[in-house]
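Asks: Pasting data-v7.cif here (mmCIF, N, CA and C atoms):
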```cif
data_coords
loop_
_atom_site.label_atom_id
_atom_site.label_comp_id
_atom_site.auth_asym_id
_atom_site.auth_seq_id
_atom_site.Cartn_x
_atom_site.Cartn_y
_atom_site.Cartn_z
N MET B 217 2.32 19.67 -9.89
CA MET B 217 1.97 18.48 -10.62
C MET B 217 1.89 17.30 -9.64
N ASN B 218 0.85 16.50 -9.76
CA ASN B 218 0.67 15.32 -8.92
C ASN B 218 1.35 14.11 -9.56
N SER B 219 1.51 13.06 -8.77
CA SER B 219 2.08 11.82 -9.29
C SER B 219 1.08 10.69 -9.09
N ARG B 220 1.25 9.65 -9.88
CA ARG B 220 0.35 8.49 -9.82
C ARG B 220 1.19 7.23 -9.74
N PHE B 221 0.79 6.34 -8.85
CA PHE B 221 1.41 5.02 -8.72
C PHE B 221 0.82 4.15 -9.82
N ILE B 222 1.67 3.60 -10.67
CA ILE B 222 1.20 2.81 -11.80
C ILE B 222 1.70 1.37 -11.64
N VAL B 223 0.75 0.43 -11.73
CA VAL B 223 1.06 -0.99 -11.64
C VAL B 223 0.81 -1.61 -13.02
N THR B 224 1.83 -2.28 -13.55
CA THR B 224 1.72 -2.94 -14.85
C THR B 224 1.92 -4.44 -14.64
N PRO B 225 0.82 -5.17 -14.38
CA PRO B 225 0.93 -6.60 -14.02
C PRO B 225 1.70 -7.45 -15.03
N ILE B 226 1.60 -7.15 -16.30
CA ILE B 226 2.27 -7.97 -17.31
C ILE B 226 3.80 -7.98 -17.13
N LEU B 227 4.33 -6.96 -16.45
CA LEU B 227 5.77 -6.89 -16.22
C LEU B 227 6.21 -7.56 -14.91
N CYS B 228 5.25 -7.90 -14.05
CA CYS B 228 5.58 -8.48 -12.75
C CYS B 228 6.01 -9.95 -12.90
N THR B 229 7.15 -10.29 -12.31
CA THR B 229 7.65 -11.66 -12.35
C THR B 229 7.38 -12.41 -11.04
N GLY B 230 6.81 -11.71 -10.06
CA GLY B 230 6.56 -12.34 -8.77
C GLY B 230 7.80 -12.49 -7.92
N CYS B 231 8.82 -11.68 -8.17
CA CYS B 231 10.09 -11.80 -7.45
C CYS B 231 9.98 -11.37 -5.98
N ARG B 232 8.99 -10.58 -5.66
CA ARG B 232 8.68 -10.13 -4.31
C ARG B 232 9.69 -9.13 -3.75
N THR B 233 10.49 -8.54 -4.62
CA THR B 233 11.42 -7.50 -4.19
C THR B 233 10.66 -6.31 -3.62
N CYS B 234 9.50 -6.03 -4.17
CA CYS B 234 8.66 -4.93 -3.67
C CYS B 234 8.27 -5.17 -2.21
N GLU B 235 7.96 -6.41 -1.88
CA GLU B 235 7.61 -6.75 -0.49
C GLU B 235 8.77 -6.50 0.45
N LEU B 236 9.95 -6.93 0.05
CA LEU B 236 11.14 -6.72 0.89
C LEU B 236 11.40 -5.24 1.10
N ALA B 237 11.37 -4.47 0.02
CA ALA B 237 11.62 -3.03 0.12
C ALA B 237 10.61 -2.37 1.05
N CYS B 238 9.36 -2.74 0.92
CA CYS B 238 8.31 -2.16 1.75
C CYS B 238 8.49 -2.56 3.22
N SER B 239 8.75 -3.83 3.46
CA SER B 239 8.92 -4.32 4.83
C SER B 239 10.06 -3.63 5.56
N PHE B 240 11.18 -3.49 4.87
CA PHE B 240 12.34 -2.85 5.50
C PHE B 240 12.12 -1.35 5.68
N THR B 241 11.42 -0.73 4.74
CA THR B 241 11.13 0.70 4.84
C THR B 241 10.23 1.00 6.04
N HIS B 242 9.34 0.07 6.36
CA HIS B 242 8.40 0.27 7.46
C HIS B 242 8.82 -0.45 8.74
N ALA B 243 10.11 -0.74 8.85
CA ALA B 243 10.63 -1.36 10.08
C ALA B 243 10.49 -0.38 11.24
N LYS B 244 10.24 -0.92 12.41
CA LYS B 244 10.05 -0.08 13.60
C LYS B 244 10.60 -0.82 14.81
N ASP B 245 11.37 -0.14 15.61
CA ASP B 245 11.93 -0.72 16.83
C ASP B 245 12.68 -2.02 16.56
N GLY B 246 13.40 -2.06 15.44
CA GLY B 246 14.18 -3.24 15.10
C GLY B 246 13.38 -4.40 14.54
N LYS B 247 12.09 -4.19 14.31
CA LYS B 247 11.24 -5.24 13.76
C LYS B 247 10.80 -4.86 12.36
N VAL B 248 10.98 -5.79 11.43
CA VAL B 248 10.56 -5.56 10.05
C VAL B 248 9.04 -5.42 10.02
N GLY B 249 8.55 -4.45 9.28
CA GLY B 249 7.11 -4.24 9.18
C GLY B 249 6.48 -5.15 8.15
N ARG B 250 5.17 -5.27 8.21
CA ARG B 250 4.45 -6.04 7.20
C ARG B 250 4.40 -5.23 5.92
N SER B 251 4.61 -5.88 4.83
CA SER B 251 4.58 -5.21 3.53
C SER B 251 3.17 -4.75 3.21
N ARG B 252 3.09 -3.58 2.62
CA ARG B 252 1.81 -3.02 2.19
C ARG B 252 1.49 -3.40 0.76
N ILE B 253 2.39 -4.12 0.12
CA ILE B 253 2.22 -4.58 -1.26
C ILE B 253 2.55 -6.07 -1.30
N TYR B 254 1.82 -6.78 -2.16
CA TYR B 254 2.12 -8.20 -2.32
C TYR B 254 1.68 -8.67 -3.71
N PRO B 255 2.50 -9.53 -4.34
CA PRO B 255 2.10 -10.05 -5.65
C PRO B 255 1.18 -11.27 -5.47
N LEU B 256 0.06 -11.24 -6.17
CA LEU B 256 -0.84 -12.40 -6.18
C LEU B 256 -0.52 -13.25 -7.38
N ASP B 257 -0.53 -14.55 -7.18
CA ASP B 257 -0.35 -15.48 -8.29
C ASP B 257 -1.62 -15.43 -9.13
N GLY B 258 -1.46 -15.09 -10.40
CA GLY B 258 -2.62 -14.93 -11.29
C GLY B 258 -3.25 -16.23 -11.74
N GLY B 259 -2.70 -17.36 -11.34
CA GLY B 259 -3.30 -18.64 -11.70
C GLY B 259 -2.81 -19.20 -13.03
N PHE B 260 -2.07 -18.41 -13.76
CA PHE B 260 -1.50 -18.87 -15.02
C PHE B 260 0.01 -18.82 -14.91
N LYS B 261 0.69 -19.53 -15.77
CA LYS B 261 2.15 -19.56 -15.73
C LYS B 261 2.72 -18.14 -15.85
N ASP B 262 3.54 -17.80 -14.90
CA ASP B 262 4.26 -16.52 -14.89
C ASP B 262 3.35 -15.29 -14.90
N LEU B 263 2.16 -15.39 -14.35
CA LEU B 263 1.28 -14.23 -14.25
C LEU B 263 1.11 -13.86 -12.79
N TYR B 264 1.55 -12.66 -12.45
CA TYR B 264 1.42 -12.14 -11.09
C TYR B 264 0.81 -10.75 -11.16
N VAL B 265 0.05 -10.42 -10.12
CA VAL B 265 -0.56 -9.10 -10.05
C VAL B 265 -0.15 -8.45 -8.73
N PRO B 266 0.66 -7.38 -8.81
CA PRO B 266 1.02 -6.67 -7.58
C PRO B 266 -0.22 -5.99 -7.00
N VAL B 267 -0.52 -6.28 -5.74
CA VAL B 267 -1.68 -5.69 -5.08
C VAL B 267 -1.19 -4.63 -4.11
N VAL B 268 -1.67 -3.41 -4.31
CA VAL B 268 -1.28 -2.29 -3.47
C VAL B 268 -2.45 -1.31 -3.44
N CYS B 269 -2.54 -0.51 -2.40
CA CYS B 269 -3.62 0.45 -2.27
C CYS B 269 -3.72 1.33 -3.51
N LEU B 270 -4.92 1.46 -4.02
CA LEU B 270 -5.17 2.25 -5.22
C LEU B 270 -5.42 3.73 -4.91
N GLN B 271 -5.41 4.10 -3.63
CA GLN B 271 -5.69 5.47 -3.22
C GLN B 271 -6.97 5.94 -3.92
N CYS B 272 -8.04 5.20 -3.71
CA CYS B 272 -9.33 5.44 -4.36
C CYS B 272 -9.83 6.88 -4.20
N GLU B 273 -10.62 7.32 -5.15
CA GLU B 273 -11.22 8.66 -5.07
C GLU B 273 -12.27 8.73 -3.96
N ASP B 274 -12.99 7.64 -3.76
CA ASP B 274 -14.03 7.57 -2.74
C ASP B 274 -13.81 6.29 -1.93
N PRO B 275 -12.77 6.27 -1.06
CA PRO B 275 -12.35 5.01 -0.44
C PRO B 275 -13.31 4.44 0.60
N ALA B 276 -13.55 3.15 0.45
CA ALA B 276 -14.40 2.42 1.40
C ALA B 276 -13.76 2.39 2.78
N CYS B 277 -12.43 2.34 2.83
CA CYS B 277 -11.74 2.28 4.13
C CYS B 277 -12.02 3.54 4.95
N VAL B 278 -12.02 4.68 4.29
CA VAL B 278 -12.28 5.95 4.98
C VAL B 278 -13.72 6.00 5.48
N LYS B 279 -14.65 5.58 4.63
CA LYS B 279 -16.07 5.59 5.00
C LYS B 279 -16.35 4.65 6.18
N SER B 280 -15.61 3.55 6.26
CA SER B 280 -15.88 2.55 7.29
C SER B 280 -15.24 2.87 8.63
N CYS B 281 -14.27 3.79 8.65
CA CYS B 281 -13.55 4.06 9.89
C CYS B 281 -14.45 4.75 10.91
N LEU B 282 -14.63 4.11 12.04
CA LEU B 282 -15.55 4.59 13.07
C LEU B 282 -15.02 5.79 13.85
N VAL B 283 -13.69 6.00 13.79
CA VAL B 283 -13.08 7.07 14.59
C VAL B 283 -12.35 8.11 13.73
N ASP B 284 -12.59 8.09 12.42
CA ASP B 284 -11.96 9.04 11.49
C ASP B 284 -10.43 9.03 11.58
N ALA B 285 -9.86 7.83 11.67
CA ALA B 285 -8.41 7.72 11.77
C ALA B 285 -7.73 7.73 10.41
N ILE B 286 -8.49 7.56 9.33
CA ILE B 286 -7.91 7.56 7.99
C ILE B 286 -8.18 8.93 7.36
N TYR B 287 -7.11 9.57 6.92
CA TYR B 287 -7.22 10.91 6.38
C TYR B 287 -6.40 11.04 5.10
N PHE B 288 -6.72 12.04 4.30
CA PHE B 288 -5.99 12.29 3.06
C PHE B 288 -4.84 13.25 3.34
N ASN B 289 -3.63 12.84 3.01
CA ASN B 289 -2.46 13.69 3.18
C ASN B 289 -2.22 14.41 1.85
N GLU B 290 -2.51 15.70 1.82
CA GLU B 290 -2.38 16.47 0.58
C GLU B 290 -0.94 16.56 0.10
N ASN B 291 0.03 16.47 0.99
CA ASN B 291 1.44 16.54 0.59
C ASN B 291 1.90 15.31 -0.16
N THR B 292 1.38 14.13 0.22
CA THR B 292 1.83 12.89 -0.40
C THR B 292 0.82 12.32 -1.39
N GLY B 293 -0.44 12.74 -1.29
CA GLY B 293 -1.48 12.20 -2.16
C GLY B 293 -1.98 10.84 -1.71
N ALA B 294 -1.69 10.48 -0.46
CA ALA B 294 -2.08 9.17 0.06
C ALA B 294 -3.08 9.29 1.19
N TYR B 295 -3.95 8.30 1.27
CA TYR B 295 -4.80 8.17 2.45
C TYR B 295 -3.96 7.44 3.48
N GLU B 296 -3.83 8.03 4.64
CA GLU B 296 -2.97 7.47 5.68
C GLU B 296 -3.78 7.19 6.94
N ILE B 297 -3.23 6.33 7.78
CA ILE B 297 -3.88 5.96 9.04
C ILE B 297 -3.16 6.64 10.19
N ASN B 298 -3.90 7.39 10.97
CA ASN B 298 -3.35 7.99 12.18
C ASN B 298 -3.39 6.91 13.26
N THR B 299 -2.25 6.32 13.55
CA THR B 299 -2.19 5.20 14.50
C THR B 299 -2.48 5.61 15.93
N GLU B 300 -2.41 6.90 16.22
CA GLU B 300 -2.75 7.40 17.56
C GLU B 300 -4.26 7.36 17.79
N ILE B 301 -5.03 7.49 16.72
CA ILE B 301 -6.50 7.50 16.81
C ILE B 301 -7.10 6.12 16.57
N CYS B 302 -6.46 5.35 15.69
CA CYS B 302 -6.98 4.03 15.28
C CYS B 302 -7.19 3.12 16.50
N VAL B 303 -8.37 2.50 16.57
CA VAL B 303 -8.69 1.59 17.68
C VAL B 303 -8.58 0.12 17.26
N ARG B 304 -8.08 -0.11 16.05
CA ARG B 304 -7.85 -1.46 15.53
C ARG B 304 -9.13 -2.30 15.45
N CYS B 305 -10.22 -1.64 15.09
CA CYS B 305 -11.50 -2.36 14.97
C CYS B 305 -11.55 -3.22 13.71
N MET B 306 -10.68 -2.92 12.76
CA MET B 306 -10.53 -3.67 11.52
C MET B 306 -11.68 -3.45 10.53
N ALA B 307 -12.50 -2.43 10.74
CA ALA B 307 -13.59 -2.14 9.80
C ALA B 307 -13.02 -1.82 8.42
N CYS B 308 -11.91 -1.09 8.37
CA CYS B 308 -11.30 -0.73 7.09
C CYS B 308 -10.75 -1.96 6.38
N VAL B 309 -10.24 -2.90 7.14
CA VAL B 309 -9.71 -4.14 6.57
C VAL B 309 -10.85 -4.89 5.88
N ALA B 310 -11.99 -4.96 6.54
CA ALA B 310 -13.16 -5.64 5.97
C ALA B 310 -13.74 -4.86 4.79
N ALA B 311 -13.66 -3.55 4.84
CA ALA B 311 -14.31 -2.71 3.83
C ALA B 311 -13.56 -2.63 2.50
N CYS B 312 -12.25 -2.77 2.52
CA CYS B 312 -11.46 -2.60 1.29
C CYS B 312 -11.74 -3.75 0.33
N PRO B 313 -12.32 -3.45 -0.83
CA PRO B 313 -12.64 -4.53 -1.78
C PRO B 313 -11.41 -5.13 -2.45
N PHE B 314 -10.26 -4.50 -2.28
CA PHE B 314 -9.04 -4.97 -2.94
C PHE B 314 -8.06 -5.63 -1.98
N GLY B 315 -8.38 -5.68 -0.68
CA GLY B 315 -7.49 -6.31 0.29
C GLY B 315 -6.25 -5.51 0.58
N CYS B 316 -6.39 -4.18 0.58
CA CYS B 316 -5.21 -3.32 0.74
C CYS B 316 -5.08 -2.70 2.12
N SER B 317 -6.10 -2.81 2.95
CA SER B 317 -5.96 -2.44 4.36
C SER B 317 -5.63 -3.75 5.07
N LEU B 318 -4.56 -3.75 5.85
CA LEU B 318 -4.04 -4.98 6.42
C LEU B 318 -3.77 -4.81 7.91
N PHE B 319 -3.63 -5.93 8.61
CA PHE B 319 -3.25 -5.86 10.01
C PHE B 319 -1.84 -6.41 10.17
N ASP B 320 -0.97 -5.62 10.76
CA ASP B 320 0.41 -6.00 11.02
C ASP B 320 0.47 -6.55 12.44
N THR B 321 0.52 -7.87 12.58
CA THR B 321 0.54 -8.49 13.91
C THR B 321 1.84 -8.20 14.65
N GLN B 322 2.93 -8.04 13.91
CA GLN B 322 4.23 -7.77 14.52
C GLN B 322 4.23 -6.42 15.26
N GLN B 323 3.60 -5.42 14.63
CA GLN B 323 3.58 -4.08 15.22
C GLN B 323 2.23 -3.71 15.83
N ASN B 324 1.26 -4.64 15.74
CA ASN B 324 -0.08 -4.43 16.28
C ASN B 324 -0.72 -3.15 15.74
N LEU B 325 -0.67 -3.02 14.40
CA LEU B 325 -1.21 -1.84 13.74
C LEU B 325 -2.01 -2.22 12.51
N VAL B 326 -3.05 -1.44 12.23
CA VAL B 326 -3.72 -1.54 10.94
C VAL B 326 -2.89 -0.67 10.00
N ILE B 327 -2.60 -1.20 8.82
CA ILE B 327 -1.71 -0.51 7.89
C ILE B 327 -2.30 -0.48 6.49
N LYS B 328 -1.81 0.43 5.68
CA LYS B 328 -2.10 0.48 4.26
C LYS B 328 -0.98 1.27 3.62
N CYS B 329 -0.87 1.23 2.32
CA CYS B 329 0.19 1.95 1.63
C CYS B 329 0.05 3.44 1.90
N ASP B 330 1.18 4.05 2.27
CA ASP B 330 1.21 5.49 2.52
C ASP B 330 2.08 6.19 1.47
N LEU B 331 2.37 5.48 0.39
CA LEU B 331 3.22 5.97 -0.70
C LEU B 331 4.60 6.41 -0.20
N CYS B 332 5.02 5.89 0.93
CA CYS B 332 6.35 6.19 1.50
C CYS B 332 6.62 7.69 1.53
N GLY B 333 5.63 8.44 1.93
CA GLY B 333 5.81 9.88 2.03
C GLY B 333 5.84 10.58 0.67
N GLY B 334 5.35 9.94 -0.36
CA GLY B 334 5.31 10.54 -1.68
C GLY B 334 6.37 10.03 -2.64
N ASP B 335 7.10 8.99 -2.24
CA ASP B 335 8.15 8.41 -3.08
C ASP B 335 8.24 6.91 -2.80
N PRO B 336 7.30 6.12 -3.33
CA PRO B 336 7.22 4.69 -3.00
C PRO B 336 8.52 3.92 -3.27
N VAL B 337 9.08 3.36 -2.21
CA VAL B 337 10.34 2.64 -2.29
C VAL B 337 10.21 1.40 -3.18
N CYS B 338 9.07 0.75 -3.13
CA CYS B 338 8.88 -0.47 -3.94
C CYS B 338 9.11 -0.19 -5.42
N ALA B 339 8.69 0.98 -5.90
CA ALA B 339 8.88 1.33 -7.31
C ALA B 339 10.35 1.49 -7.66
N HIS B 340 11.15 1.99 -6.72
CA HIS B 340 12.58 2.14 -6.96
C HIS B 340 13.28 0.79 -7.09
N PHE B 341 12.79 -0.21 -6.36
CA PHE B 341 13.46 -1.51 -6.33
C PHE B 341 12.89 -2.54 -7.29
N CYS B 342 11.78 -2.22 -7.95
CA CYS B 342 11.18 -3.19 -8.88
C CYS B 342 12.10 -3.37 -10.09
N PRO B 343 12.67 -4.57 -10.26
CA PRO B 343 13.66 -4.78 -11.34
C PRO B 343 13.06 -4.74 -12.74
N THR B 344 11.77 -4.97 -12.87
CA THR B 344 11.15 -5.01 -14.20
C THR B 344 10.33 -3.75 -14.51
N LYS B 345 10.28 -2.84 -13.55
CA LYS B 345 9.47 -1.61 -13.69
C LYS B 345 7.98 -1.90 -13.79
N ALA B 346 7.55 -2.99 -13.16
CA ALA B 346 6.11 -3.27 -13.07
C ALA B 346 5.45 -2.24 -12.16
N LEU B 347 6.24 -1.61 -11.29
CA LEU B 347 5.77 -0.56 -10.39
C LEU B 347 6.50 0.71 -10.74
N THR B 348 5.75 1.76 -11.01
CA THR B 348 6.36 3.06 -11.29
C THR B 348 5.54 4.14 -10.59
N TYR B 349 6.18 5.24 -10.35
CA TYR B 349 5.52 6.39 -9.72
C TYR B 349 5.89 7.59 -10.58
N LYS B 350 4.90 8.09 -11.32
CA LYS B 350 5.18 9.09 -12.33
C LYS B 350 4.32 10.33 -12.14
N PRO B 351 4.90 11.49 -12.48
CA PRO B 351 4.11 12.73 -12.46
C PRO B 351 3.02 12.67 -13.54
N ILE B 352 1.85 13.20 -13.20
CA ILE B 352 0.75 13.28 -14.16
C ILE B 352 0.20 14.71 -14.17
N ALA B 353 -0.29 15.10 -15.29
CA ALA B 353 -0.94 16.41 -15.40
C ALA B 353 -2.40 16.26 -15.02
N ILE B 354 -2.90 17.21 -14.27
CA ILE B 354 -4.32 17.17 -13.87
C ILE B 354 -5.09 18.22 -14.64
#
```
Give the structure from the file, written as structure tokens.
Replies:
Amino acid sequence: MNSRFIVTPILCTGCRTCELACSFTHAKDGKVGRSRIYPLDGGFKDLYVPVVCLQCEDPACVKSCLVDAIYFNENTGAYEINTEICVRCMACVAACPFGCSLFDTQQNLVIKCDLCGGDPVCAHFCPTKALTYKPIAI
């Protein structure tokens, strides 16, 4: 059975706990990593939309990668970036219509959500359950 990352914006309070959990989970060499998720202010009182990679069926980031550094990990269900191959051209950053491919200046890497190896930490720490990761039947 596969799992699906579910975002329920109406439950998001904009507390940014998801960002902290993601940043600390992706820390490297004693440096906190850039969060792969971020809440956008919806423009109305108390409306926030958590933005995170949707793991698209036909991802623009994969199509745009000039060196085939983005691949589908069948074990986790996530499109991941092979940092050994990535040349940091930023084509995937420009191609993602949702702003989910990002550049981490601290670690000098192009990044995107990798579902934390199949168990997204942000979902565990979301106090309102605006982020969940649930098994789905296919």
Asks: By how many Å are CA of Leu282 in chain B and atom N of Glu300 in chain B apart?
Replies: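 Going from CA of Leu282 in chain B over to atom N of Glu300 in chain B, I get 13.7 Å.
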Asks: Any idea what's packed within 8 Å of range 250-260 of chain B, counting only N, CA and C atoms, ignoring anything in its chain fewer than 3 positions away? Could you give it as a PyMOL selection string?
Replies: chain B and resi 229-232+234-240+242-244+247+263-269+316-323+327-330
Asks: CA of Val248 in chain B to CA of Asn324 in chain B: how many Å, to one decimal?
Replies: 12.4 Å
Asks: Determine, counting all atoms listed in the file, which protein, DNA and RNA residues have an atom within 7 Å of an atom of Gln271 in chain B; residues of the same chain fewer than 2 positions away are not included. Present the result as a list in words.
Replies: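 So the residues in contact are Val268, Cys269, Glu273, Asp274, Pro275, Gly293, Ala294 and Tyr295 of chain B.
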Asks: Around the point (-8.0, -3.9, 14.4) (coordinates from the file), which residues reach within 8 Å if we count all atoms listed in the file? Answer as a PDB file with N, CA and C atoms, keeping the file's coordinate frame.
Replies:
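selection07.pdb, written as the output of this step:
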```pdb
ATOM      1  N   CYS B 302      -6.460   5.350  15.690  1.00  0.00           N
ATOM      2  CA  CYS B 302      -6.980   4.030  15.280  1.00  0.00           C
ATOM      3  C   CYS B 302      -7.190   3.120  16.500  1.00  0.00           C
ATOM      4  N   VAL B 303      -8.370   2.500  16.570  1.00  0.00           N
ATOM      5  CA  VAL B 303      -8.690   1.590  17.680  1.00  0.00           C
ATOM      6  C   VAL B 303      -8.580   0.120  17.260  1.00  0.00           C
ATOM      7  N   ARG B 304      -8.080  -0.110  16.050  1.00  0.00           N
ATOM      8  CA  ARG B 304      -7.850  -1.460  15.530  1.00  0.00           C
ATOM      9  C   ARG B 304      -9.130  -2.300  15.450  1.00  0.00           C
ATOM     10  N   CYS B 305     -10.220  -1.640  15.090  1.00  0.00           N
ATOM     11  CA  CYS B 305     -11.500  -2.360  14.970  1.00  0.00           C
ATOM     12  C   CYS B 305     -11.550  -3.220  13.710  1.00  0.00           C
ATOM     13  N   MET B 306     -10.680  -2.920  12.760  1.00  0.00           N
ATOM     14  CA  MET B 306     -10.530  -3.670  11.520  1.00  0.00           C
ATOM     15  C   MET B 306     -11.680  -3.450  10.530  1.00  0.00           C
ATOM     16  N   ALA B 307     -12.500  -2.430  10.740  1.00  0.00           N
ATOM     17  CA  ALA B 307     -13.590  -2.140   9.800  1.00  0.00           C
ATOM     18  C   ALA B 307     -13.020  -1.820   8.420  1.00  0.00           C
ATOM     19  N   CYS B 308     -11.910  -1.090   8.370  1.00  0.00           N
ATOM     20  CA  CYS B 308     -11.300  -0.730   7.090  1.00  0.00           C
ATOM     21  C   CYS B 308     -10.750  -1.960   6.380  1.00  0.00           C
ATOM     22  N   VAL B 309     -10.240  -2.900   7.140  1.00  0.00           N
ATOM     23  CA  VAL B 309      -9.710  -4.140   6.570  1.00  0.00           C
ATOM     24  C   VAL B 309     -10.850  -4.890   5.880  1.00  0.00           C
ATOM     25  N   LEU B 318      -4.560  -3.750   5.850  1.00  0.00           N
ATOM     26  CA  LEU B 318      -4.040  -4.980   6.420  1.00  0.00           C
ATOM     27  C   LEU B 318      -3.770  -4.810   7.910  1.00  0.00           C
ATOM     28  N   PHE B 319      -3.630  -5.930   8.610  1.00  0.00           N
ATOM     29  CA  PHE B 319      -3.250  -5.860  10.010  1.00  0.00           C
ATOM     30  C   PHE B 319      -1.840  -6.410  10.170  1.00  0.00           C
ATOM     31  N   ASN B 324       1.260  -4.640  15.740  1.00  0.00           N
ATOM     32  CA  ASN B 324      -0.080  -4.430  16.280  1.00  0.00           C
ATOM     33  C   ASN B 324      -0.720  -3.150  15.740  1.00  0.00           C
ATOM     34  N   LEU B 325      -0.670  -3.020  14.400  1.00  0.00           N
ATOM     35  CA  LEU B 325      -1.210  -1.840  13.740  1.00  0.00           C
ATOM     36  C   LEU B 325      -2.010  -2.220  12.510  1.00  0.00           C
ATOM     37  N   VAL B 326      -3.050  -1.440  12.230  1.00  0.00           N
ATOM     38  CA  VAL B 326      -3.720  -1.540  10.940  1.00  0.00           C
ATOM     39  C   VAL B 326      -2.890  -0.670  10.000  1.00  0.00           C
TER      40      VAL B 326
END
```
Asks: Do you know which residues the PyMOL selection byres ((chain B and resi 298) around 7) returns on this file, as a short mmCIF file (atom, residue, chain, number, x, y, z; two decimals) with N, CA and C atoms, in the frame of the given file?
Replies:
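What ended up in result_6.cif:
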```cif
data_model
loop_
_atom_site.label_atom_id
_atom_site.label_comp_id
_atom_site.auth_asym_id
_atom_site.auth_seq_id
_atom_site.Cartn_x
_atom_site.Cartn_y
_atom_site.Cartn_z
N ASP B 284 -12.59 8.09 12.42
CA ASP B 284 -11.96 9.04 11.49
C ASP B 284 -10.43 9.03 11.58
N ALA B 285 -9.86 7.83 11.67
CA ALA B 285 -8.41 7.72 11.77
C ALA B 285 -7.73 7.73 10.41
N ILE B 286 -8.49 7.56 9.33
CA ILE B 286 -7.91 7.56 7.99
C ILE B 286 -8.18 8.93 7.36
N TYR B 287 -7.11 9.57 6.92
CA TYR B 287 -7.22 10.91 6.38
C TYR B 287 -6.40 11.04 5.10
N GLU B 296 -3.83 8.03 4.64
CA GLU B 296 -2.97 7.47 5.68
C GLU B 296 -3.78 7.19 6.94
N ILE B 297 -3.23 6.33 7.78
CA ILE B 297 -3.88 5.96 9.04
C ILE B 297 -3.16 6.64 10.19
N THR B 299 -2.25 6.32 13.55
CA THR B 299 -2.19 5.20 14.50
C THR B 299 -2.48 5.61 15.93
N GLU B 300 -2.41 6.90 16.22
CA GLU B 300 -2.75 7.40 17.56
C GLU B 300 -4.26 7.36 17.79
N ILE B 301 -5.03 7.49 16.72
CA ILE B 301 -6.50 7.50 16.81
C ILE B 301 -7.10 6.12 16.57
N CYS B 302 -6.46 5.35 15.69
CA CYS B 302 -6.98 4.03 15.28
C CYS B 302 -7.19 3.12 16.50
#
```
Asks: Just asking: which residues within chain B are strand (DSSP E or B) according to DSSP, as a PyMOL selection string?
Replies: chain B and resi 218-223+244+247+254-257+264-267+286-289+294-297+318-320+325-327+347-352
Asks: Under the rule that only N, CA and C atoms are counted, which of B:Lys345, B:Ile352, B:Phe221, B:Asp335 is the nearest residue to Leu270 in chain B?
Replies: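 The answer is B:Phe221, which sits nearest to Leu270 in chain B.
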Asks: Find the residues around Cys332 in chain B up to 8 Å (all atoms listed in the file counted), leave out those fewer than 6 positions away in its own chain, and share them as an MDAnalysis selection string.
Replies: chainID B and resid 241 292 294 338
Asks: Selection from above, N, CA and C atoms, as a PDB file, in the frame of the given file, can you write it?
Replies:
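Final file, again.pdb:
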```pdb
ATOM      1  N   THR B 241      11.420  -0.730   4.740  1.00  0.00           N
ATOM      2  CA  THR B 241      11.130   0.700   4.840  1.00  0.00           C
ATOM      3  C   THR B 241      10.230   1.000   6.040  1.00  0.00           C
ATOM      4  N   THR B 292       1.380  14.130   0.220  1.00  0.00           N
ATOM      5  CA  THR B 292       1.830  12.890  -0.400  1.00  0.00           C
ATOM      6  C   THR B 292       0.820  12.320  -1.390  1.00  0.00           C
ATOM      7  N   ALA B 294      -1.690  10.480  -0.460  1.00  0.00           N
ATOM      8  CA  ALA B 294      -2.080   9.170   0.060  1.00  0.00           C
ATOM      9  C   ALA B 294      -3.080   9.290   1.190  1.00  0.00           C
ATOM     10  N   CYS B 338       9.070   0.750  -3.130  1.00  0.00           N
ATOM     11  CA  CYS B 338       8.880  -0.470  -3.940  1.00  0.00           C
ATOM     12  C   CYS B 338       9.110  -0.190  -5.420  1.00  0.00           C
TER      13      CYS B 338
END
```
Asks: Taking all atoms listed in the file into account, which of B:Thr233, B:Pro225, B:Ala276, B:Gly249 comes nearest Ala339 in chain B?
Replies: B:Thr233
Asks: Write out as a PyMOL selection string the set of residues from chain B that DSSP, computed on the backbone, places in alpha helix (DSSP H).
Replies: chain B and resi 233-241+276-280+307-311+337-341
Asks: Between CA of Val223 in chain B and atom N of Leu347 in chain B, what is the spacing in Å?
Replies: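 A separation of 5.2 Å between them.
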Asks: As lines of an AutoDock Vina configuration file, please report the centre and edge lengths, rounded to one decimal in Å, of the axis-aligned box that holds all listed atoms of range 300-314 of chain B with 5 Å of padding on each of the six sides.
Replies:
```
center_x = -8.4
center_y = 0.9
center_z = 7.4
size_x = 21.9
size_y = 23.1
size_z = 30.7
```
Asks: Counting only C-alpha atoms, figure out which residue out of B:Val337, B:Gly246, B:Pro313, B:Leu227 gets nearest to Cys277 in chain B.
Replies: B:Pro313
Asks: I'd like to know which of B:Ser219, B:Val283, B:Val278, B:Ala346 is closest to Cys312 in chain B, using all atoms listed in the file.
Replies: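 Using all atoms listed in the file, Cys312 in chain B sits closest to B:Val278.
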Asks: Keeping C-alpha atoms, write range 272-285 of chain B of the structure just shown out as a PDB file, in the first residue's frame.
Replies:
```
ATOM      1  CA  CYS B 272       3.577  15.342  -9.423  1.00  0.00           C
ATOM      2  CA  GLU B 273       2.718  12.468 -11.759  1.00  0.00           C
ATOM      3  CA  ASP B 274       4.478  14.230 -14.642  1.00  0.00           C
ATOM      4  CA  PRO B 275       6.892  16.622 -12.880  1.00  0.00           C
ATOM      5  CA  ALA B 276       8.224  19.685 -14.664  1.00  0.00           C
ATOM      6  CA  CYS B 277      11.355  19.563 -12.491  1.00  0.00           C
ATOM      7  CA  VAL B 278      12.288  16.132 -13.857  1.00  0.00           C
ATOM      8  CA  LYS B 279      11.647  17.180 -17.457  1.00  0.00           C
ATOM      9  CA  SER B 280      13.772  20.308 -17.047  1.00  0.00           C
ATOM     10  CA  CYS B 281      16.809  18.613 -15.493  1.00  0.00           C
ATOM     11  CA  LEU B 282      19.624  18.717 -18.039  1.00  0.00           C
ATOM     12  CA  VAL B 283      21.663  15.964 -16.364  1.00  0.00           C
ATOM     13  CA  ASP B 284      18.900  13.584 -15.166  1.00  0.00           C
ATOM     14  CA  ALA B 285      19.721  14.255 -11.515  1.00  0.00           C
TER      15      ALA B 285
END
```
